[in-house]
Structures are given as C-alpha cells and as structure tokens.
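*Asks:* Below you'll find protein13.cif; it's mmCIF, C-alpha atoms.
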data_run
loop_
_atom_site.label_atom_id
_atom_site.label_comp_id
_atom_site.auth_asym_id
_atom_site.auth_seq_id
_atom_site.Cartn_x
_atom_site.Cartn_y
_atom_site.Cartn_z
CA LYS A 1 -37.01 -12.04 54.02
CA PRO A 2 -38.83 -10.70 57.06
CA LYS A 3 -38.19 -7.02 57.67
CA THR A 4 -36.17 -6.25 60.74
CA VAL A 5 -37.24 -3.25 62.75
CA GLU A 6 -34.40 -1.00 63.84
CA LYS A 7 -34.50 -0.22 67.54
CA PRO A 8 -33.88 3.40 68.50
CA THR A 9 -30.47 4.03 69.99
CA THR A 10 -28.74 6.86 71.79
CA LEU A 11 -26.45 9.05 69.69
CA VAL A 12 -23.68 10.83 71.60
CA VAL A 13 -23.37 14.29 70.04
CA GLY A 14 -20.62 15.94 72.13
CA THR A 15 -19.97 17.89 75.33
CA VAL A 16 -21.09 21.28 76.61
CA GLU A 17 -18.23 23.71 76.18
CA MET A 18 -19.91 26.86 77.52
CA VAL A 19 -23.21 27.81 79.19
CA ASN A 20 -24.75 31.28 78.91
CA PRO A 21 -27.66 31.27 81.39
CA GLU A 22 -28.53 34.95 80.77
CA GLN A 23 -29.17 34.38 77.06
CA HIS A 24 -30.39 30.77 77.58
CA TYR A 25 -28.03 28.91 75.25
CA VAL A 26 -25.15 26.46 75.34
CA LEU A 27 -22.16 25.92 73.07
CA ILE A 28 -21.56 22.25 72.23
CA ARG A 29 -18.27 20.80 71.00
CA SER A 30 -19.24 18.08 68.54
CA ASP A 31 -17.63 15.96 65.85
CA ARG A 32 -20.84 14.06 65.02
CA GLY A 33 -23.80 16.41 65.23
CA ARG A 34 -23.23 18.23 61.94
CA ASP A 35 -26.02 16.28 60.23
CA LEU A 36 -28.65 16.97 62.92
CA PRO A 37 -31.16 19.60 61.79
CA ALA A 38 -32.02 22.76 63.72
CA GLY A 39 -34.88 22.11 66.16
CA THR A 40 -33.56 18.71 67.25
CA GLU A 41 -34.01 18.14 70.99
CA LEU A 42 -30.91 16.93 72.82
CA VAL A 43 -30.33 15.84 76.40
CA VAL A 44 -27.45 17.14 78.53
CA MET A 45 -26.35 14.81 81.34
CA ALA A 46 -24.22 16.53 83.97
CA ALA A 47 -21.57 14.72 86.00
CA ASP A 48 -23.92 14.59 89.01
CA GLY A 49 -26.65 12.89 86.93
CA THR A 50 -28.98 15.85 86.44
CA ARG A 51 -30.60 16.11 83.03
CA SER A 52 -31.40 19.19 80.96
CA THR A 53 -32.99 19.55 77.54
CA VAL A 54 -31.64 21.80 74.80
CA VAL A 55 -32.81 22.48 71.23
CA LEU A 56 -30.31 22.86 68.38
CA THR A 57 -30.20 26.19 66.55
CA PRO A 58 -28.99 26.73 62.97
CA GLU A 59 -25.81 28.53 64.11
CA ARG A 60 -22.74 26.32 63.69
CA LYS A 61 -19.05 27.12 63.49
CA GLY A 62 -16.39 24.48 62.88
CA THR A 63 -16.91 21.74 65.45
CA PHE A 64 -19.24 23.88 67.58
CA LEU A 65 -23.05 23.76 67.67
CA THR A 66 -25.35 26.11 69.56
CA ALA A 67 -28.53 25.08 71.32
CA ASP A 68 -31.19 26.97 73.25
CA ILE A 69 -31.88 25.79 76.82
CA LYS A 70 -35.40 24.32 76.95
CA ASP A 71 -35.41 23.15 80.58
CA GLY A 72 -32.98 22.40 83.40
CA GLN A 73 -29.59 23.89 84.14
CA PRO A 74 -26.94 22.39 81.86
CA ALA A 75 -23.36 22.52 83.10
CA THR A 76 -20.06 22.68 81.24
CA MET A 77 -18.52 19.30 80.40
CA GLY A 78 -21.99 17.74 80.38
CA LEU A 79 -22.52 14.90 77.94
CA VAL A 80 -24.85 15.82 75.08
CA TYR A 81 -26.82 13.05 73.37
CA LYS A 82 -29.95 12.40 71.36
CA GLU A 83 -32.40 9.84 72.69
CA ASN A 84 -34.44 7.59 70.41
CA HIS A 85 -32.13 8.19 67.49
CA LEU A 86 -32.84 5.92 64.55
CA PRO A 87 -29.61 4.97 62.82
CA THR A 88 -29.29 5.95 59.21
CA PRO A 89 -29.95 2.99 56.93
CA PRO A 90 -26.85 1.47 55.39
CA VAL A 91 -26.19 2.22 51.76
CA PRO A 92 -26.69 -0.96 49.77
CA ALA A 93 -23.59 -2.31 48.13
CA PRO A 94 -23.60 -2.10 44.37
CA THR A 95 -24.47 -5.34 42.66
CA PRO A 96 -21.54 -6.81 40.82
CA SER A 97 -22.01 -6.76 37.10
CA THR A 98 -19.98 -8.43 34.45
CA PRO A 99 -17.02 -6.19 33.81
CA ALA A 100 -16.54 -4.92 30.31
CA THR A 101 -13.66 -6.73 28.71
CA PRO A 102 -11.00 -4.41 27.40
CA PRO A 103 -10.12 -4.65 23.74
CA PRO A 104 -7.33 -7.13 23.03
CA VAL A 105 -3.85 -5.70 22.94
CA PRO A 106 -1.93 -6.72 19.84
CA SER A 107 1.03 -8.80 20.84
CA ALA A 108 4.36 -8.23 19.20
CA PRO A 109 7.39 -10.44 19.67
CA LEU A 110 9.81 -9.10 22.23
CA PRO A 111 13.40 -8.56 21.09
CA ASN A 112 15.93 -11.00 22.49
CA PHE A 113 18.48 -9.06 24.50
CA THR A 114 21.57 -10.58 26.05
CA LEU A 115 23.91 -8.82 28.37
CA PRO A 116 27.63 -9.18 27.83
CA THR A 117 29.53 -11.07 30.51
CA PRO A 118 31.82 -8.67 32.38
CA GLN A 119 35.50 -9.51 32.23
CA ILE A 120 36.86 -9.16 35.78
CA PRO A 121 40.57 -9.84 36.24
CA LEU A 122 41.27 -12.28 39.05
CA GLU A 123 44.74 -10.92 39.77
CA PRO A 124 45.65 -7.25 40.02
CA SER A 125 47.30 -6.01 36.90
CA PRO A 126 50.72 -4.43 37.20
CA ALA A 127 49.34 -1.11 35.95
CA ALA A 128 46.62 -0.98 38.64
CA PRO A 129 46.69 2.21 40.71
CA THR A 130 48.17 1.88 44.17
CA ALA A 131 47.16 3.69 47.34
CA PRO A 132 48.65 7.17 47.65
CA ALA A 133 51.67 7.51 49.87
CA PRO A 134 51.05 9.21 53.22
CA ALA A 135 51.66 12.92 53.06
CA SER A 136 54.74 14.09 54.84
CA LEU A 137 54.92 17.31 56.80
CA PRO A 138 57.12 20.12 55.59
CA PRO A 139 60.35 20.31 57.62
CA ASP A 140 59.41 23.62 59.32
CA LEU A 141 56.09 22.29 60.81
CA GLU A 142 55.78 20.31 64.00
CA PRO A 143 53.29 17.44 64.43
CA PRO A 144 50.00 18.33 66.22
CA VAL A 145 49.91 18.12 70.02
CA ASN A 146 47.23 15.90 71.55
#
Produce structure tokens that represent the structure in this file.

*Replies:*
Amino acid sequence: KPKTVEKPTTLVVGTVEMVNPEQHYVLIRSDRGRDLPAGTELVVMAADGTRSTVVLTPERKGTFLTADIKDGQPATMGLVYKENHLPTPPVPAPTPSTPATPPPVPSAPLPNFTLPTPQIPLEPSPAAPTAPAPASLPPDLEPPVN
C-alpha cells in the first residue's frame, strides 16, 4: 500500500476566559488541550479578526489552561486554536485471533416437570363470600352535608 501523508489541520483548543495584560498571560477554557505540552504556540482569533500568539505554560487547573502572551493583544472570548496540528495516528484495531474454546460442559438430563392444572369452578359455590353490607349510621348521627 502507498503511504498516505496526513495533512496538517487546525485544532480548536478553547476560548480565552480572562486576559491579564500587566502580567502578560491569558486563561483559556478548554476541554481538548489537556494533551498539549507546555511551550506549544497557539493562535487567538478575536471577534474582529485580529490574531495574537500565546505560548502554553505548565499551569493547568480543571478545564483551564494558562498561556503567556507572545505577541498581539488577545481579547476575552477569542477563539484559541493550534495551526498545523498533525492528528494523532489512529490506534490499530487488534487482529482477530481464533478464540480459545471453553472446556465442554457435561450435560445432564433435565428433570421432567409438569405443572398441575388449576381447578377453577365455573359457577360460584354457595359458600363463596359475598360483598359486605353497606355500613349503616348510628341513629344519633346525621348524614354529612355537601
């Protein structure tokens, strides 16, 4: 088979949550950038189209990454992405092998069970319980008023 060359793609990392221009860093909210090493250059694209470059630092907390501002003026809610990102190669599927056959289970004859046929009377028997008679009120009580 001829080898296919993977073309670099753009990896969206997250959005800028906070900018600290005095200390030259940004806080990035990211669900994907956890595997990017410190020192990785990222691009921040603001809503007006201006671009800035930031460099990831080792400090990470939960879904937040920190990055030092390399150039430009990143703004909050800017889109953070990595250009020329080579996708990770897919993990090859395991080759199917012949499954080990389990040891044979000794077979024993199953017992023959039969359920008895229920005897249901078709007509009520004279000794069958009847519905209780409605309760009557004591003579000194009056019926409820609606």

*Asks:* Residues near Ala38 of chain A, anyone? I mean within 8 Å using only C-alpha atoms, not counting same-chain ones fewer than 6 positions away, as number ranges by chain.

*Replies:* A: 55-58

*Asks:* Check what the PyMOL selection byres ((chain A and resi 80-83) around 7) selects in the file above and give those residues as a PyMOL selection string.

*Replies:* chain A and resi 9-16+42-45+78-79+84-85

*Asks:* From the options A:Gly39, A:Pro109, A:Pro74, A:Pro104, which residue's atoms come nearest to Glu17 of chain A, counting all atoms listed in the file?

*Replies:* A:Pro74

*Asks:* Neighbours of segment 59-68 of chain A within 9 Å (only C-alpha atoms; same-chain residues fewer than 3 positions away dropped), as JSON, numbers by chain?

*Replies:* {"A": [17, 23, 24, 25, 26, 27, 28, 29, 30, 31, 32, 33, 34, 38, 39, 41, 42, 53, 54, 55, 56]}

*Asks:* Just give me the gap between atom CA of Asp35 of chain A and atom CA of Arg51 of chain A in Å, one decimal is fine.

*Replies:* 23.3 Å

*Asks:* Can you work out the spacing between atom CA of Met77 of chain A and atom CA of Thr50 of chain A in Å, to one decimal?

*Replies:*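 So the two atoms, atom CA of Met77 of chain A and atom CA of Thr50 of chain A, lie 12.6 Å apart.
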
*Asks:* Could you tell me how far atom CA of Glu22 of chain A lies from atom CA of Leu36 of chain A, in Å and to one decimal?

*Replies:*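 Interatomic distance here is 25.3 Å.
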